[in-house]
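S.K.: Supplied structure: protein-v1.txt, compact mmCIF, C-alpha atoms.
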```txt
# COMPACT_ATOMS: atom_id res chain seq x y z
CA MET A 1 8.45 -13.01 21.33
CA PRO A 2 12.05 -12.64 20.10
CA PRO A 3 14.71 -14.86 21.70
CA VAL A 4 16.56 -13.27 24.59
CA GLY A 5 20.30 -12.98 24.10
CA VAL A 6 20.37 -12.42 20.31
CA GLN A 7 20.38 -8.80 19.17
CA ALA A 8 17.66 -7.65 16.79
CA ASP A 9 20.12 -6.94 13.98
CA ARG A 10 21.43 -10.52 14.14
CA GLN A 11 17.88 -11.83 13.98
CA MET A 12 17.26 -9.58 10.99
CA ASP A 13 20.12 -11.46 9.32
CA LEU A 14 17.72 -14.43 9.23
CA LEU A 15 15.30 -12.44 7.10
CA ALA A 16 18.09 -11.44 4.73
CA ALA A 17 19.18 -15.10 4.56
CA ALA A 18 15.64 -16.17 3.69
CA VAL A 19 15.48 -13.60 0.87
CA LYS A 20 18.89 -14.69 -0.43
CA THR A 21 17.99 -18.38 -0.37
CA CYS A 22 14.59 -17.97 -2.04
CA ALA A 23 16.16 -15.76 -4.72
CA THR A 24 17.95 -18.90 -5.97
CA GLY A 25 14.61 -20.49 -6.84
CA ARG A 26 13.98 -22.28 -3.57
CA SER A 27 10.36 -22.17 -2.42
CA ALA A 28 11.21 -22.13 1.30
CA VAL A 29 14.11 -21.96 3.74
CA LYS A 30 14.88 -24.70 6.24
CA THR A 31 16.62 -24.50 9.58
CA ARG A 32 19.87 -25.85 8.17
CA ASP A 33 19.92 -23.00 5.62
CA PHE A 34 19.63 -20.44 8.40
CA ILE A 35 22.42 -22.13 10.35
CA ARG A 36 24.70 -22.06 7.31
CA GLU A 37 24.00 -18.41 6.47
CA THR A 38 23.97 -16.88 9.97
CA GLU A 39 25.85 -19.32 12.25
CA LEU A 40 23.16 -18.85 14.91
CA ASN A 41 22.23 -21.90 16.93
CA ARG A 42 19.15 -23.95 16.17
CA SER A 43 17.12 -22.96 19.24
CA ASP A 44 17.63 -19.23 18.65
CA ILE A 45 16.76 -19.65 14.96
CA THR A 46 13.48 -21.39 15.80
CA LEU A 47 12.45 -18.66 18.23
CA ALA A 48 13.56 -15.82 15.95
CA ALA A 49 11.81 -17.28 12.89
CA ARG A 50 8.67 -17.69 14.99
CA PHE A 51 8.83 -14.01 15.94
CA LEU A 52 9.46 -12.90 12.35
CA THR A 53 6.43 -14.95 11.32
CA ASP A 54 4.24 -13.51 14.08
CA THR A 55 5.10 -9.98 12.94
CA GLY A 56 4.48 -10.51 9.23
CA LEU A 57 8.02 -10.70 7.83
CA LEU A 58 8.11 -14.45 7.18
CA SER A 59 5.38 -16.94 6.33
CA SER A 60 5.43 -20.42 7.78
CA SER A 61 4.50 -23.78 6.25
CA PRO A 62 5.55 -27.43 6.66
CA ALA A 63 8.08 -26.83 3.86
CA GLY A 64 9.87 -24.10 5.85
CA TRP A 65 9.87 -20.32 5.91
CA THR A 66 9.35 -17.88 3.05
CA PRO A 67 9.67 -14.07 3.11
CA THR A 68 6.37 -12.22 2.78
CA VAL A 69 6.12 -9.38 0.28
CA SER A 70 6.93 -6.89 3.05
CA GLY A 71 9.66 -9.11 4.47
CA ALA A 72 11.33 -9.40 1.08
CA ARG A 73 11.49 -5.59 0.77
CA VAL A 74 13.18 -5.27 4.16
CA GLY A 75 15.44 -8.31 3.72
CA ARG A 76 16.81 -7.19 0.36
CA SER A 77 17.72 -3.78 1.75
CA TRP A 78 19.23 -5.23 4.92
CA SER A 79 22.00 -6.88 2.91
CA THR A 80 23.01 -3.67 1.13
CA ASP A 81 21.84 -0.58 3.04
CA ARG A 82 20.81 -1.06 6.65
CA GLU A 83 19.66 2.51 7.19
CA THR A 84 17.23 2.21 4.28
CA ALA A 85 16.19 -1.20 5.60
CA ARG A 86 15.42 0.31 9.01
CA THR A 87 13.19 2.90 7.38
CA LEU A 88 11.35 0.23 5.37
CA PHE A 89 11.10 -1.94 8.47
CA GLY A 90 9.46 0.87 10.42
CA GLU A 91 6.92 1.35 7.63
CA VAL A 92 6.15 -2.36 7.33
CA TRP A 93 5.78 -2.92 11.06
CA ARG A 94 3.04 -0.31 11.36
CA GLY A 95 0.65 -3.09 10.44
CA SER A 96 1.93 -5.39 13.19
CA TRP A 97 0.62 -6.01 16.68
CA VAL A 98 3.92 -4.68 18.06
CA TYR A 99 3.34 -1.15 16.75
CA GLN A 100 -0.28 -1.07 17.81
CA LEU A 101 0.57 -2.26 21.31
CA LEU A 102 3.38 0.31 21.57
CA ILE A 103 1.27 3.33 20.72
CA ASP A 104 -1.63 2.08 22.84
CA SER A 105 0.39 1.43 25.99
CA VAL A 106 3.47 3.70 26.10
CA PRO A 107 3.14 7.44 26.92
CA SER A 108 4.26 9.63 24.06
CA THR A 109 5.97 12.48 25.91
CA THR A 110 7.76 10.75 28.79
CA ALA A 111 11.41 9.70 29.00
CA LEU A 112 11.50 6.00 29.91
CA SER A 113 13.89 3.13 30.46
CA ALA A 114 13.73 -0.11 28.47
CA GLU A 115 12.20 -1.77 31.55
CA ASP A 116 9.50 0.92 31.74
CA ILE A 117 8.53 0.31 28.11
CA ALA A 118 8.59 -3.46 28.60
CA LYS A 119 6.32 -3.26 31.66
CA ALA A 120 3.88 -1.02 29.81
CA MET A 121 3.71 -3.32 26.79
CA ARG A 122 3.57 -6.80 28.28
CA PRO A 123 -0.05 -7.99 28.19
CA TYR A 124 -0.08 -9.56 31.65
CA PRO A 125 1.85 -8.42 34.74
CA THR A 126 2.92 -11.97 35.64
CA SER A 127 4.47 -12.71 32.23
CA ARG A 128 8.27 -12.74 32.05
CA LEU A 129 9.73 -9.27 31.57
CA SER A 130 13.00 -10.17 29.81
CA PRO A 131 11.49 -10.93 26.34
CA TRP A 132 9.65 -7.61 26.45
CA VAL A 133 12.85 -5.78 27.39
CA HIS A 134 14.48 -7.44 24.40
CA LEU A 135 11.58 -6.29 22.21
CA VAL A 136 12.72 -2.71 22.91
CA ASP A 137 15.81 -3.52 20.81
CA TRP A 138 13.46 -4.12 17.90
CA LEU A 139 11.63 -0.85 18.60
CA GLU A 140 14.93 0.99 18.29
CA LEU A 141 15.74 -0.86 15.08
CA ALA A 142 12.40 0.24 13.62
CA ARG A 143 13.04 3.81 14.84
CA TYR A 144 9.87 3.77 16.94
CA VAL A 145 11.87 4.79 20.00
CA VAL A 146 14.96 6.99 20.16
CA ARG A 147 17.66 7.13 22.78
CA ASP A 148 18.57 10.46 24.36
CA ASP A 149 22.09 11.44 25.40
CA ASP A 150 21.40 10.35 28.98
CA GLY A 151 20.38 6.87 27.81
CA SER A 152 16.66 7.32 28.36
CA LEU A 153 14.19 6.33 25.66
CA ARG A 154 11.14 8.06 24.23
CA LEU A 155 8.75 7.51 21.36
CA SER A 156 10.00 8.93 18.08
CA GLU A 157 7.94 11.36 16.03
CA SER A 158 7.14 8.54 13.59
CA ALA A 159 5.52 6.63 16.45
CA GLY A 160 3.51 9.58 17.73
CA GLY A 161 6.11 10.95 20.10
CA HIS A 162 6.55 14.58 21.16
CA THR A 163 7.40 17.06 18.41
CA THR A 164 8.48 20.69 18.48
CA THR A 165 5.41 21.82 16.53
CA PRO A 166 3.18 24.10 18.65
CA PRO A 167 -0.04 22.30 19.67
CA GLU A 168 -2.27 24.68 17.69
CA GLN A 169 -0.30 23.97 14.52
CA GLU A 170 -0.10 20.20 14.79
CA PRO A 171 -1.48 18.55 11.63
CA PRO A 172 -4.19 15.93 12.00
CA PRO A 173 -2.83 12.37 12.14
CA ALA A 174 -2.71 10.67 8.77
CA ALA A 175 -4.85 7.62 8.34
CA ALA A 176 -2.76 4.48 8.47
CA LYS A 177 -2.46 2.75 5.14
CA PRO A 178 -3.39 -0.92 5.26
CA GLY A 179 -0.39 -3.11 4.72
CA PRO A 180 -0.25 -6.00 2.25
CA PRO A 181 -1.90 -9.23 3.35
CA GLN A 182 0.39 -11.26 5.55
CA SER A 183 0.60 -14.99 5.68
CA GLY A 184 1.83 -17.28 8.42
CA LEU A 185 0.51 -18.37 11.78
CA VAL A 186 -1.85 -15.75 13.19
CA LEU A 187 -2.74 -15.41 16.86
CA PRO A 188 -6.33 -16.63 17.36
CA VAL A 189 -6.92 -13.96 20.01
CA SER A 190 -6.40 -10.20 20.04
CA MET A 191 -3.97 -8.39 22.33
CA GLU A 192 -6.99 -6.97 24.19
CA GLN A 193 -8.28 -10.48 24.80
CA LEU A 194 -4.84 -11.66 25.94
CA ALA A 195 -4.71 -8.87 28.51
CA LYS A 196 -7.96 -10.08 30.05
CA LEU A 197 -6.90 -13.71 30.44
CA THR A 198 -6.11 -15.21 33.82
CA PRO A 199 -2.46 -16.24 34.35
CA GLU A 200 -3.46 -19.89 33.85
CA ASP A 201 -5.32 -19.25 30.58
CA TYR A 202 -2.56 -16.97 29.30
CA GLY A 203 0.00 -19.67 29.95
CA ALA A 204 -2.19 -22.25 28.22
CA VAL A 205 -2.45 -20.09 25.07
CA MET A 206 1.32 -19.54 24.94
CA ARG A 207 2.05 -23.25 25.46
CA SER A 208 -0.39 -24.20 22.70
CA LEU A 209 1.26 -21.82 20.24
CA ALA A 210 4.71 -23.10 21.21
CA THR A 211 3.57 -26.69 20.56
CA ILE A 212 2.31 -25.77 17.09
CA TYR A 213 5.61 -24.10 16.19
CA ASP A 214 7.64 -27.00 17.56
CA VAL A 215 5.71 -29.47 15.39
CA LEU A 216 6.22 -27.32 12.31
CA SER A 217 9.90 -26.69 13.02
CA ARG A 218 10.68 -30.43 13.12
CA GLN A 219 9.53 -30.64 9.50
CA ARG A 220 11.90 -27.90 8.36
CA ILE A 221 15.18 -29.46 9.44
```
How does this structure look as structure tokens?
M.R.:
Amino acid sequence: MPPVGVQADRQMDLLAAAVKTCATGRSAVKTRDFIRETELNRSDITLAARFLTDTGLLSSSPAGWTPTVSGARVGRSWSTDRETARTLFGEVWRGSWVYQLLIDSVPSTTALSAEDIAKAMRPYPTSRLSPWVHLVDWLELARYVVRDDDGSLRLSESAGGHTTTPPEQEPPPAAAKPGPPQSGLVLPVSMEQLAKLTPEDYGAVMRSLATIYDVLSRQRI
């Protein structure tokens, strides 16, 4: 999950920094490179890079982090044209677990608060809500949710939200195009399996993943 307290656009700066650094011929980016380019603190960088890896924008290795093919497309645009980058980001993230969980769990025609979306998406009711609330910031960045004038949120048309097309004229949904292969650390269980875990087992899975990332991050300093 993304770190709480750092806005999604600031975390996206990490992706742009990775693209910039690797464009110089470097094979991977280390934590100190991210600190120099973004001025974020080390703990936030570790958590944000973990999230970018989990969602297919960075790949992770003992040498550091490297943009994936999709991540490089988004990161290059982020430095020059953020609106274009948001469009590309929304396309790229359709292959991520975040998008699939969103469309599977959030009603498409209802006005909701960020807390409503977070509660619908979190895989287990006892898991902390705040990271999932922060994930809504990413959903807005990807244009999967839009904010109405009254501050309420709803799914955008690109995420299957309500449209003004009469029901009898609605076109059939287009088949999702498979995204490019993504590298990095992949969850060994599906979101459906996570939802069925007991609180104890869910916590054990999350702690195991955190341990793996902590070991890798110490080699990237």
S.K.: Counting all atoms listed in the file, which of A:Asp13, A:Leu155, A:Gln100, A:Asp149 gets nearest to A:Ser77?
M.R.: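 Answer, going by the shortest atom-to-atom distance: A:Asp13.
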S.K.: Report as JSON lines: every residue of stretch 3-79 of chain A with an atom at most 7 Å from stretch 122-141 of chain A, its closest pair of atoms, and their distance in Å to one decimal, counting only C-alpha atoms, with rows sorted by chain and ascending residue number.
M.R.:
```
{"residue": "A:Pro3", "atom": "CA", "partner": "A:Pro131", "partner_atom": "CA", "distance": 6.9}
{"residue": "A:Val4", "atom": "CA", "partner": "A:Pro131", "partner_atom": "CA", "distance": 5.9}
{"residue": "A:Ala8", "atom": "CA", "partner": "A:Trp138", "partner_atom": "CA", "distance": 5.6}
```
S.K.: Around the point (9.0, -0.2, 27.0) (coordinates from the file), which residues reach within 9 Å if we count all atoms listed in the file? Answer as a JSON list (two decimals) with C-alpha atoms, in the coordinates of the input.
M.R.:
```json
[["chain", "number", "residue", "atom", "x", "y", "z"],
["A", 102, "LEU", "CA", 3.38, 0.31, 21.57],
["A", 105, "SER", "CA", 0.39, 1.43, 25.99],
["A", 106, "VAL", "CA", 3.47, 3.70, 26.10],
["A", 112, "LEU", "CA", 11.50, 6.00, 29.91],
["A", 113, "SER", "CA", 13.89, 3.13, 30.46],
["A", 114, "ALA", "CA", 13.73, -0.11, 28.47],
["A", 115, "GLU", "CA", 12.20, -1.77, 31.55],
["A", 116, "ASP", "CA", 9.50, 0.92, 31.74],
["A", 117, "ILE", "CA", 8.53, 0.31, 28.11],
["A", 118, "ALA", "CA", 8.59, -3.46, 28.60],
["A", 119, "LYS", "CA", 6.32, -3.26, 31.66],
["A", 120, "ALA", "CA", 3.88, -1.02, 29.81],
["A", 121, "MET", "CA", 3.71, -3.32, 26.79],
["A", 122, "ARG", "CA", 3.57, -6.80, 28.28],
["A", 132, "TRP", "CA", 9.65, -7.61, 26.45],
["A", 133, "VAL", "CA", 12.85, -5.78, 27.39],
["A", 135, "LEU", "CA", 11.58, -6.29, 22.21],
["A", 136, "VAL", "CA", 12.72, -2.71, 22.91],
["A", 139, "LEU", "CA", 11.63, -0.85, 18.60],
["A", 153, "LEU", "CA", 14.19, 6.33, 25.66],
["A", 154, "ARG", "CA", 11.14, 8.06, 24.23]]
```
S.K.: Contacts of A:Leu47 at 9 Å or less, counting all atoms listed in the file, minus same-chain residues fewer than 4 places along, as a PyMOL selection string?
M.R.: chain A and resi 1-3+42-43+51-52+213
S.K.: Convert the current residue selection to file output with C-alpha atoms, as an mmCIF file, keeping the file's coordinate frame.
M.R.:
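Everything below was put into selection32.cif:
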```cif
data_model
loop_
_atom_site.group_PDB
_atom_site.id
_atom_site.type_symbol
_atom_site.label_atom_id
_atom_site.label_comp_id
_atom_site.auth_asym_id
_atom_site.auth_seq_id
_atom_site.Cartn_x
_atom_site.Cartn_y
_atom_site.Cartn_z
ATOM 1 C CA MET A 1 8.450 -13.010 21.330
ATOM 2 C CA PRO A 2 12.050 -12.640 20.100
ATOM 3 C CA PRO A 3 14.710 -14.860 21.700
ATOM 4 C CA ARG A 42 19.150 -23.950 16.170
ATOM 5 C CA SER A 43 17.120 -22.960 19.240
ATOM 6 C CA PHE A 51 8.830 -14.010 15.940
ATOM 7 C CA LEU A 52 9.460 -12.900 12.350
ATOM 8 C CA TYR A 213 5.610 -24.100 16.190
#
```
S.K.: Give me, as number ranges by chain, all polymer residues having an atom no more than 8 Å from A:Tyr144, counting all atoms listed in the file and skipping those fewer than 5 positions away in the same chain.
M.R.: A: 90, 139, 155-159
S.K.: Between atom CA of A:Gln7 and atom CA of A:Gly64, what distance in Å does the model show, to one decimal?
M.R.: 22.8 Å
S.K.: For atom CA of A:Asn41 and atom CA of A:Val6, determine how far apart the two atoms are, in Å to one decimal place.
M.R.: 10.2 Å
